[in-house]
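Structure file target-v4.cif (mmCIF, C-alpha atoms and all ligand atoms) follows.
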```
data_data
loop_
_atom_site.label_atom_id
_atom_site.label_comp_id
_atom_site.auth_asym_id
_atom_site.auth_seq_id
_atom_site.Cartn_x
_atom_site.Cartn_y
_atom_site.Cartn_z
CA MET A 1 84.52 101.97 134.90
CA ASN A 2 88.20 101.49 134.39
CA LYS A 3 89.83 104.87 135.05
CA LEU A 4 92.17 104.52 132.09
CA ILE A 5 89.42 103.84 129.64
CA PHE A 6 87.69 106.82 131.16
CA PHE A 7 90.83 108.91 130.67
CA ALA A 8 91.06 107.96 126.98
CA SER A 9 87.37 108.21 126.24
CA GLY A 10 87.30 111.54 128.12
CA LEU A 11 89.70 112.92 125.53
CA ALA A 12 87.52 111.63 122.73
CA THR A 13 84.45 113.20 124.34
CA VAL A 14 86.00 116.61 124.73
CA LEU A 15 87.43 116.56 121.22
CA PHE A 16 84.05 115.51 119.90
CA MET A 17 82.46 118.40 121.75
CA SER A 18 84.98 120.90 120.47
CA CYS A 19 84.57 119.63 116.91
CA GLY A 20 80.80 119.65 117.16
CA ASN A 21 80.29 123.39 117.49
CA ASN A 22 81.07 124.05 113.81
CA ASN A 23 83.27 126.86 114.96
CA PRO A 24 86.77 125.49 115.29
CA ALA A 25 89.54 127.59 116.77
CA PRO A 26 91.32 129.66 114.09
CA VAL A 27 94.20 127.83 112.52
CA PRO A 28 97.40 129.83 113.05
CA ALA A 29 99.32 130.88 109.97
CA PRO A 30 102.35 128.69 109.33
CA THR A 31 105.44 130.50 110.53
CA ASP A 32 108.00 127.79 110.02
CA THR A 33 108.44 127.67 106.27
CA ILE A 34 111.55 128.91 104.54
CA ALA A 35 112.47 128.89 100.90
CA LYS A 36 115.10 126.26 100.16
CA THR A 37 116.42 124.68 97.02
CA GLN A 38 115.41 121.09 96.31
CA PRO A 39 113.80 120.36 99.64
CA LEU A 40 112.72 116.88 100.52
CA ALA A 41 109.13 116.47 99.36
CA GLU A 42 106.70 116.69 102.21
CA ASN A 43 105.92 113.36 103.92
CA GLN A 44 108.66 111.59 101.99
CA LEU A 45 111.22 109.51 103.89
CA PRO A 46 114.75 110.93 103.70
CA ASP A 47 117.25 109.39 101.32
CA PRO A 48 119.48 106.85 103.13
CA ALA A 49 122.39 108.00 100.90
CA ALA A 50 122.28 111.39 102.65
CA PHE A 51 123.04 109.66 105.94
CA ARG A 52 126.02 107.60 104.79
CA ASP A 53 129.16 109.11 106.30
CA THR A 54 131.92 108.43 108.78
CA VAL A 55 131.75 110.15 112.15
CA ASP A 56 134.35 109.56 114.88
CA GLY A 57 135.66 106.76 112.65
CA GLN A 58 132.29 104.98 112.66
CA PRO A 59 129.89 104.56 109.72
CA THR A 60 126.56 106.36 109.92
CA ALA A 61 123.41 105.18 108.17
CA LEU A 62 119.67 105.59 107.93
CA TYR A 63 117.42 102.61 108.66
CA ILE A 64 113.84 102.42 107.43
CA LEU A 65 111.26 100.41 109.36
CA LYS A 66 107.78 99.78 108.04
CA SER A 67 104.52 98.27 109.21
CA LYS A 68 101.31 98.21 107.19
CA GLU A 69 100.23 101.47 108.82
CA ILE A 70 103.32 103.56 109.53
CA SER A 71 106.97 104.00 108.62
CA VAL A 72 109.93 105.40 110.50
CA ALA A 73 113.46 106.44 109.55
CA ILE A 74 116.14 106.15 112.24
CA THR A 75 119.81 107.04 112.09
CA ASN A 76 122.48 105.43 114.22
CA TYR A 77 123.93 108.91 114.88
CA GLY A 78 122.40 109.53 118.31
CA ALA A 79 119.90 106.66 117.75
CA ARG A 80 117.61 109.37 116.38
CA VAL A 81 114.13 109.12 114.94
CA VAL A 82 114.45 111.22 111.78
CA SER A 83 110.96 110.78 110.26
CA LEU A 84 107.79 109.11 111.46
CA ILE A 85 105.02 108.90 108.90
CA VAL A 86 101.48 108.08 109.99
CA PRO A 87 98.10 108.48 108.25
CA ASP A 88 95.94 111.49 109.16
CA LYS A 89 92.14 111.41 109.48
CA ASN A 90 91.82 111.35 105.65
CA GLY A 91 94.45 108.68 105.25
CA LYS A 92 97.09 111.18 104.06
CA PRO A 93 100.62 110.11 105.09
CA THR A 94 101.91 112.73 107.49
CA ASP A 95 105.39 113.12 108.95
CA VAL A 96 104.86 113.94 112.62
CA VAL A 97 108.40 114.54 113.92
CA LEU A 98 110.96 117.26 113.33
CA GLY A 99 114.32 116.32 111.90
CA TYR A 100 116.93 117.02 109.25
CA ASP A 101 117.26 115.44 105.81
CA SER A 102 121.01 114.66 106.05
CA ILE A 103 123.60 113.49 108.54
CA GLY A 104 125.66 116.65 108.00
CA LYS A 105 122.91 118.85 109.42
CA TYR A 106 122.59 116.67 112.53
CA ILE A 107 126.30 117.06 113.10
CA HIS A 108 126.75 120.72 112.26
CA GLN A 109 123.57 122.50 113.37
CA PRO A 110 123.36 123.59 117.03
CA ASP A 111 122.05 120.58 118.89
CA THR A 112 118.43 120.46 119.87
CA TYR A 113 118.34 116.68 120.45
CA PHE A 114 115.87 116.18 117.56
CA GLY A 115 114.60 112.58 117.84
CA ALA A 116 117.61 111.41 119.87
CA VAL A 117 118.03 108.88 122.60
CA VAL A 118 119.38 111.06 125.40
CA GLY A 119 121.67 109.74 128.11
CA ARG A 120 123.47 108.80 130.22
CA TYR A 121 121.12 111.01 132.20
CA GLY A 122 118.13 112.52 130.41
CA ASN A 123 117.31 116.01 131.71
CA ARG A 124 119.22 117.89 134.40
CA ILE A 125 121.63 117.07 137.20
CA ALA A 126 122.05 120.06 139.54
CA LYS A 127 125.36 121.88 139.52
CA ALA A 128 126.74 119.10 137.31
CA HIS A 129 127.58 117.03 140.34
CA PHE A 130 126.35 113.97 142.25
CA HIS A 131 127.45 111.63 145.02
CA LEU A 132 127.08 107.88 144.63
CA GLU A 133 128.21 104.99 146.84
CA GLY A 134 130.65 107.20 148.78
CA LYS A 135 132.18 108.96 145.79
CA ASP A 136 131.72 112.40 144.22
CA TYR A 137 131.31 112.77 140.47
CA THR A 138 131.63 115.97 138.45
CA LEU A 139 129.98 116.28 135.05
CA ALA A 140 130.20 118.88 132.31
CA ALA A 141 128.00 121.91 133.05
CA ASN A 142 126.36 122.50 129.67
CA ASN A 143 123.16 124.24 130.79
CA GLY A 144 123.98 127.16 133.09
CA PRO A 145 125.35 125.57 136.26
CA ASN A 146 123.71 122.21 135.48
CA SER A 147 124.40 119.18 133.33
CA LEU A 148 121.71 118.51 130.72
CA HIS A 149 121.01 115.36 128.68
CA GLY A 150 124.30 113.58 129.37
CA GLY A 151 126.73 116.50 129.04
CA LYS A 152 128.76 117.99 126.19
CA LYS A 153 128.69 114.84 124.11
CA GLY A 154 125.80 112.71 125.25
CA PHE A 155 124.29 109.62 123.65
CA ASP A 156 122.57 111.92 121.13
CA ALA A 157 125.93 112.81 119.58
CA VAL A 158 127.68 109.45 119.38
CA VAL A 159 127.53 106.80 116.68
CA TRP A 160 125.67 103.68 117.75
CA THR A 161 126.12 100.28 116.09
CA GLY A 162 122.98 99.56 114.11
CA LYS A 163 121.60 96.18 113.08
CA GLN A 164 118.29 95.89 111.30
CA LEU A 165 116.71 92.66 112.59
CA SER A 166 113.66 92.70 110.30
CA ASP A 167 111.52 95.09 108.21
CA SER A 168 110.07 96.41 111.45
CA MET A 169 112.83 96.09 114.03
CA LEU A 170 116.15 97.85 114.60
CA MET A 171 118.73 97.19 117.31
CA LEU A 172 121.23 99.89 118.27
CA THR A 173 124.06 99.32 120.71
CA TYR A 174 126.54 101.64 122.37
CA LEU A 175 129.32 101.14 124.89
CA SER A 176 129.71 104.18 127.10
CA LYS A 177 133.14 103.90 128.69
CA ASP A 178 133.93 104.35 132.37
CA GLY A 179 134.43 108.08 132.98
CA GLU A 180 132.73 109.20 129.76
CA GLU A 181 131.28 112.66 130.40
CA GLY A 182 132.23 112.13 134.06
CA TYR A 183 129.90 109.17 134.70
CA PRO A 184 131.24 106.07 136.47
CA GLY A 185 131.20 102.57 135.03
CA SER A 186 131.33 101.07 131.58
CA LEU A 187 127.74 100.96 130.45
CA GLN A 188 126.57 98.65 127.67
CA VAL A 189 123.33 100.06 126.21
CA THR A 190 120.97 98.48 123.70
CA VAL A 191 117.95 100.24 122.24
CA PHE A 192 115.36 98.40 120.16
CA TYR A 193 112.94 100.27 117.90
CA LEU A 194 109.99 98.10 116.87
CA LEU A 195 107.00 98.91 114.67
CA GLN A 196 103.81 96.90 115.20
CA GLY A 197 100.69 98.09 113.43
CA SER A 198 100.34 101.74 114.28
CA GLN A 199 102.72 101.82 117.21
CA LEU A 200 106.40 102.42 117.72
CA THR A 201 107.92 100.71 120.74
CA ILE A 202 111.25 101.80 122.17
CA ASN A 203 112.90 99.31 124.50
CA TYR A 204 115.99 100.40 126.42
CA LYS A 205 118.32 97.85 128.04
CA ALA A 206 121.62 98.40 129.87
CA THR A 207 124.14 96.82 132.20
CA THR A 208 127.10 98.35 134.04
CA ASP A 209 130.33 97.13 135.64
CA GLN A 210 130.28 99.78 138.42
CA PRO A 211 127.46 101.60 140.22
CA THR A 212 126.23 104.44 138.02
CA VAL A 213 123.12 106.54 137.36
CA LEU A 214 120.99 106.13 134.26
CA ASN A 215 117.93 107.83 132.81
CA LEU A 216 117.34 107.14 129.12
CA THR A 217 114.60 108.72 127.08
CA ASN A 218 113.70 109.67 123.53
CA HIS A 219 113.68 113.35 122.56
CA SER A 220 111.38 113.33 119.52
CA TYR A 221 109.75 116.66 118.73
CA PHE A 222 106.20 115.84 117.69
CA LYS A 223 104.08 117.99 115.44
CA LEU A 224 100.89 116.08 114.84
CA ASN A 225 99.54 118.43 112.15
CA GLY A 226 102.59 117.69 110.01
CA GLN A 227 105.69 119.55 108.81
CA GLY A 228 105.37 123.31 108.55
CA SER A 229 101.89 123.40 110.07
CA GLY A 230 102.64 126.23 112.49
CA PRO A 231 102.41 126.37 116.27
CA ILE A 232 101.20 123.46 118.40
CA ALA A 233 99.03 125.77 120.51
CA ASN A 234 95.79 124.10 119.41
CA HIS A 235 96.97 120.52 119.93
CA GLN A 236 94.86 118.97 122.68
CA LEU A 237 96.97 117.41 125.44
CA ALA A 238 96.03 115.16 128.34
CA ILE A 239 98.58 113.89 130.87
CA ASN A 240 97.56 111.28 133.41
CA ALA A 241 99.29 113.02 136.32
CA ASP A 242 97.79 114.51 139.47
CA ARG A 243 101.18 115.91 140.48
CA TYR A 244 104.31 117.44 139.04
CA THR A 245 107.78 118.44 140.25
CA PRO A 246 108.11 122.25 140.50
CA VAL A 247 111.54 123.64 139.66
CA ASP A 248 113.85 126.49 140.62
CA SER A 249 114.93 129.18 138.18
CA THR A 250 117.53 126.82 136.64
CA LEU A 251 114.86 124.12 136.09
CA ILE A 252 116.11 121.85 138.89
CA PRO A 253 113.25 120.27 140.89
CA THR A 254 112.91 121.77 144.37
CA GLY A 255 112.16 118.30 145.76
CA ARG A 256 108.51 119.15 146.32
CA ILE A 257 105.84 117.05 144.60
CA ALA A 258 102.98 119.47 144.03
CA PRO A 259 99.37 118.98 142.92
CA VAL A 260 98.55 120.14 139.41
CA ALA A 261 95.00 121.07 140.50
CA GLY A 262 94.29 124.76 140.01
CA THR A 263 97.48 125.38 138.00
CA PRO A 264 98.31 125.61 134.27
CA PHE A 265 99.85 122.14 134.76
CA ASP A 266 96.48 120.46 135.16
CA PHE A 267 96.16 118.39 131.97
CA ARG A 268 94.00 115.71 133.56
CA LYS A 269 91.34 116.69 131.05
CA PRO A 270 92.37 117.37 127.45
CA THR A 271 93.33 121.01 127.09
CA ALA A 272 94.84 123.06 124.28
CA ILE A 273 98.59 123.34 124.85
CA GLY A 274 98.36 127.09 124.22
CA ALA A 275 95.43 127.76 126.53
CA ARG A 276 97.45 128.57 129.66
CA VAL A 277 101.07 128.64 128.46
CA GLY A 278 101.07 132.46 128.58
CA ASP A 279 99.99 132.60 132.23
CA THR A 280 103.01 134.47 133.49
CA THR A 281 101.34 135.05 136.85
CA ASN A 282 102.47 131.46 137.43
CA GLN A 283 106.09 131.39 138.56
CA GLN A 284 106.63 127.88 137.18
CA ILE A 285 105.52 129.01 133.73
CA ARG A 286 107.93 131.94 134.03
CA TYR A 287 110.82 129.66 135.06
CA GLY A 288 110.14 127.23 132.20
CA LYS A 289 109.44 130.04 129.67
CA GLY A 290 106.29 127.94 129.20
CA TYR A 291 106.02 124.20 129.71
CA ASP A 292 109.28 122.45 130.54
CA HIS A 293 108.35 120.31 133.53
CA ASN A 294 108.31 116.77 134.81
CA PHE A 295 104.91 115.27 135.55
CA VAL A 296 104.58 112.52 138.16
CA LEU A 297 102.58 109.87 136.37
CA ASN A 298 99.67 108.33 138.23
CA PRO A 299 100.45 104.69 139.08
CA GLU A 300 97.77 103.24 136.78
CA THR A 301 99.67 104.62 133.76
CA ARG A 302 101.65 101.36 133.91
CA LYS A 303 98.56 99.84 132.29
CA GLY A 304 97.15 102.65 130.15
CA PRO A 305 98.16 105.87 128.44
CA ALA A 306 100.42 108.27 130.32
CA ALA A 307 99.55 111.02 127.85
CA ILE A 308 97.35 111.55 124.81
CA VAL A 309 97.76 114.38 122.30
CA GLN A 310 95.68 115.18 119.24
CA GLY A 311 96.57 117.42 116.31
CA ASP A 312 93.64 119.77 115.76
CA GLN A 313 94.05 119.86 111.97
CA SER A 314 95.19 116.32 111.11
CA GLY A 315 93.10 114.47 113.68
CA ILE A 316 96.21 112.40 114.40
CA GLU A 317 96.25 111.19 117.97
CA LEU A 318 99.38 110.08 119.81
CA ALA A 319 98.99 107.93 122.92
CA VAL A 320 102.12 107.48 125.03
CA PHE A 321 102.53 104.40 127.22
CA THR A 322 105.46 103.91 129.58
CA ASP A 323 106.73 102.03 132.61
CA GLN A 324 108.66 105.12 133.77
CA PRO A 325 107.54 107.22 136.77
CA GLY A 326 107.63 110.59 135.00
CA ILE A 327 107.23 112.45 131.75
CA GLN A 328 108.87 115.74 130.79
CA PHE A 329 106.48 117.87 128.81
CA TYR A 330 108.61 120.36 126.85
CA GLY A 331 106.65 122.79 124.69
CA GLY A 332 109.48 124.01 122.45
CA ASN A 333 110.08 127.24 124.37
CA VAL A 334 113.67 127.63 123.24
CA MET A 335 113.15 126.61 119.62
CA THR A 336 114.77 129.26 117.47
CA GLY A 337 113.32 128.97 113.97
CA THR A 338 116.83 128.98 112.55
CA ASN A 339 117.47 125.29 111.93
CA PRO A 340 116.86 124.06 108.35
CA LEU A 341 114.56 121.08 108.74
CA LYS A 342 113.16 118.52 106.30
CA ALA A 343 110.92 119.70 103.49
CA GLY A 344 112.30 123.26 103.64
CA LYS A 345 110.81 124.04 107.04
CA THR A 346 112.35 125.48 110.19
CA ASP A 347 111.98 124.78 113.89
CA ALA A 348 109.81 127.77 114.76
CA TRP A 349 109.19 128.70 118.41
CA ARG A 350 106.73 126.35 120.08
CA SER A 351 105.98 124.54 116.83
CA ALA A 352 106.57 121.05 118.30
CA PHE A 353 106.45 119.32 121.68
CA CYS A 354 108.38 116.56 123.43
CA LEU A 355 106.96 114.01 125.85
CA GLU A 356 110.09 112.52 127.37
CA THR A 357 109.26 109.45 129.45
CA GLN A 358 111.77 109.36 132.28
CA HIS A 359 112.81 109.29 135.90
CA PHE A 360 112.57 112.68 137.55
CA PRO A 361 115.24 115.30 136.79
CA ASP A 362 118.10 115.51 139.32
CA SER A 363 117.12 112.22 141.01
CA PRO A 364 120.78 111.44 141.85
CA ASN A 365 120.73 114.47 144.20
CA GLU A 366 117.19 114.06 145.52
CA PRO A 367 116.85 111.05 147.83
CA SER A 368 113.05 111.37 148.00
CA PHE A 369 112.73 110.68 144.24
CA PRO A 370 112.72 107.13 142.83
CA SER A 371 116.32 105.94 142.49
CA THR A 372 118.15 106.06 139.16
CA GLU A 373 121.11 104.01 140.34
CA LEU A 374 122.11 100.99 138.27
CA LYS A 375 124.41 98.49 139.97
CA PRO A 376 126.54 95.74 138.48
CA GLY A 377 124.42 92.61 138.04
CA GLN A 378 121.20 94.62 137.61
CA LYS A 379 119.45 94.80 134.26
CA TYR A 380 118.03 98.15 133.17
CA ASN A 381 115.04 97.37 130.97
CA THR A 382 112.35 99.97 130.23
CA GLU A 383 109.82 100.51 127.50
CA THR A 384 107.90 103.39 125.95
CA ILE A 385 105.25 103.07 123.27
CA PHE A 386 104.05 105.79 120.90
CA ARG A 387 100.70 104.63 119.47
CA PHE A 388 99.01 106.52 116.64
CA SER A 389 95.43 106.72 115.44
CA ALA A 390 93.38 109.38 113.62
CA LYS A 391 89.80 110.58 113.80
C1 LIG A 401 114.62 120.22 128.33
C2 LIG A 401 114.61 121.67 127.93
C3 LIG A 401 115.63 121.87 126.86
C4 LIG A 401 115.31 120.95 125.69
C5 LIG A 401 116.40 121.05 124.66
C6 LIG A 401 114.26 119.42 127.14
O1 LIG A 401 114.26 118.07 127.48
O2 LIG A 401 113.76 119.97 129.43
O3 LIG A 401 114.88 122.50 129.03
O4 LIG A 401 115.63 123.20 126.41
O5 LIG A 401 115.23 119.63 126.14
O6 LIG A 401 115.99 120.62 123.47
#
```
Let me see the structure of the file written as structure tokens.
Amino acid sequence: MNKLIFFASGLATVLFMSCGNNNPAPVPAPTDTIAKTQPLAENQLPDPAAFRDTVDGQPTALYILKSKEISVAITNYGARVVSLIVPDKNGKPTDVVLGYDSIGKYIHQPDTYFGAVVGRYGNRIAKAHFHLEGKDYTLAANNGPNSLHGGKKGFDAVVWTGKQLSDSMLMLTYLSKDGEEGYPGSLQVTVFYLLQGSQLTINYKATTDQPTVLNLTNHSYFKLNGQGSGPIANHQLAINADRYTPVDSTLIPTGRIAPVAGTPFDFRKPTAIGARVGDTTNQQIRYGKGYDHNFVLNPETRKGPAAIVQGDQSGIELAVFTDQPGIQFYGGNVMTGTNPLKAGKTDAWRSAFCLETQHFPDSPNEPSFPSTELKPGQKYNTETIFRFSAK
């Protein structure tokens, strides 16, 4: 039997088993609701007028894409997914990503990368420094000694040029200048968001005029039970990875590729996110304050799902497909509960998760990891698909 089909059907089997005992795990009380005047109605797309502004001299906007099954709102500020509405197991439209209801909040709240395209280098570069083609480059250290998600003003915080190509397709372009945030080379980046049926495809393309490093990803915070539904502890997660990259205390990979077997990082069978996150006997869990680690995807994930997650209340299932070698599973360990989100909710601790398809963190300093160098004449072209269903 095809291993991938087995992987997917294995999730269905385990979920079926856990639903069949008529004794579901207790649903945690919502903790992320705050009173707010005139909040956006739940599961309603934000108002494009609330996203019309001028930032850094560039116009910002909100683009709405629709297919028969799902709809998505995307702003050109940070190329961010603001809302993603999919039907739950009863057909109820459900917004499954965290975000704000206006451009002002994206600009003025402390940045958490909600829904953004992160770059030039998604995740960390150790000591904010790397060596490439005989030259040393110094970046902004914005995460302890390290550089995180492109530096002080990464691709999440710039205005992209948006062009809606059809009801279901958006093109966003950005020119990152030579030396921006310390990175070499002028980099021309294009991101396409495309809805087809019940899936959202993100296609990233780039070219450079000098050797540089590049690692683009999307930083959507998913919450498959919908806005304000409490912790994600009972979401069932499977990641098609036999190995992961353990980190040091500053979350930089040690260079070792370690087996997940026998650790809280073994998600080869669907497991509740909360089942082992509190295992502080595990040093990696202590370093990450929970899950904040890169998984080394098994090679067959080029053909099938890299990860599958199901919301225990909504029945909404997210399958992630990618051509990238890794995926960062971040379980919302530093979410503060202080940011005023859509529909009068807040970003409570561990109430959403990210699955950031990517090259491994700190690859520019770790020769044993797959290379993230992009040279002039090469075409960067990668794709990630988020596919939704409900049962
Ligand atoms: C990182 C976390 C970080 C979070 C910020 C994730 O991609 O791995 O360490 O706290 O982004 O939102």
Just want the 6 Å neighbourhood of A:Gly78, counted on all atoms listed in the file, with same-chain residues fewer than 6 positions away dropped. Output as a PyMOL selection string. chain A and resi 116+155-158
Residue with smallest distance to A:Ser351 - pool A:Thr336, A:Gln164, A:Ser186, A:Gln283, counting all atoms listed in the file: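 Answer, going by the shortest atom-to-atom distance: A:Thr336.
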Counting only C-alpha atoms and all ligand atoms, the residue of A:Leu297, A:Ile252, A:Val97, A:Ile70 that sits nearest ligand LIG 401 (chain A):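 Distance minimum relative to ligand LIG 401 (chain A) lands on A:Ile252.
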Residues within 6 Å of A:Gly331, please, as a ChimeraX atom specification. Count all atoms listed in the file; anything in the same chain fewer than 4 positions from it doesn't count. /A:291,350,353
Name the residues, by chain letter and number, that sit within 9 Å of ligand LIG 401 (chain A) using all atoms listed in the file, and give them as a VMD selection string. chain A and resid 111 to 114 118 122 to 124 143 148 to 149 219 221 251 288 291 to 294 328 to 335 354 to 356 361
So how far away is atom CA of A:Leu84 from atom CA of A:Ala352, in Å? 13.8 Å
Report, in Å with one decimal, the straight-line distance from atom CA of A:His131 to atom CA of A:Thr245.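 Between atom CA of A:His131 and atom CA of A:Thr245 the gap is 21.4 Å.
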Pick out the residues sitting within 6 Å of A:Ala238, and hand them over as a PDB file with C-alpha atoms, in the coordinates of the input; count all atoms listed in the file, and ignore anything fewer than 6 positions along from it in its own chain.
```
ATOM      1  CA  PHE A 267      96.160 118.390 131.970  1.00  0.00           C
ATOM      2  CA  ARG A 268      94.000 115.710 133.560  1.00  0.00           C
ATOM      3  CA  LYS A 269      91.340 116.690 131.050  1.00  0.00           C
ATOM      4  CA  PRO A 270      92.370 117.370 127.450  1.00  0.00           C
ATOM      5  CA  ALA A 307      99.550 111.020 127.850  1.00  0.00           C
ATOM      6  CA  ILE A 308      97.350 111.550 124.810  1.00  0.00           C
TER       7      ILE A 308
END
```
Please indicate the distance in Å from atom CA of A:Ile202 to atom CA of A:Asn215, rounded to one decimal place.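 Rounded to one decimal, the two atoms are 13.9 Å apart.
For the residues A:Leu374, A:Val159, A:Val277, A:Ala141, ranking by smallest atom-to-atom distance to A:Val213 using all atoms listed in the file places A:Leu374 first.
Distances from A:Leu170, A:Val320, A:Val96, A:Val309 to A:Lys66 were compared using only C-alpha atoms, and the smallest one belongs to A:Leu170.
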Residue nearest A:Asn240 - candidates A:Ser363, A:Thr357, A:Asn298, A:Ser168, atoms counted: only C-alpha atoms: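 Looking only at the distances to A:Asn240, the closest residue turns out to be A:Asn298.
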Listed atoms of stretch 117-132 of chain A, axis-aligned box, 5 Å per side: centre and edge lengths to one decimal in Å, as AutoDock Vina command-line options?
```
--center_x 122.4 --center_y 114.9 --center_z 133.8 --size_x 20.3 --size_y 24.0 --size_z 32.4
```
Find, counting all atoms listed in the file, the residue in A:Glu317, A:Pro87, A:Ala390, A:Gln227 that gets nearest to A:Thr346.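 With all atoms listed in the file as the atom set, the closest residue is A:Gln227.
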Just the residues within 8 Å of A:Asn146, please, counting only C-alpha atoms, with nothing from its chain fewer than 3 positions along; format it as a list in words.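 What passes the distance filter is Arg124, Ile125, Ala126, Lys127, Ala128, Ala140, Ala141, Asn142, Asn143 and Thr250 of chain A.
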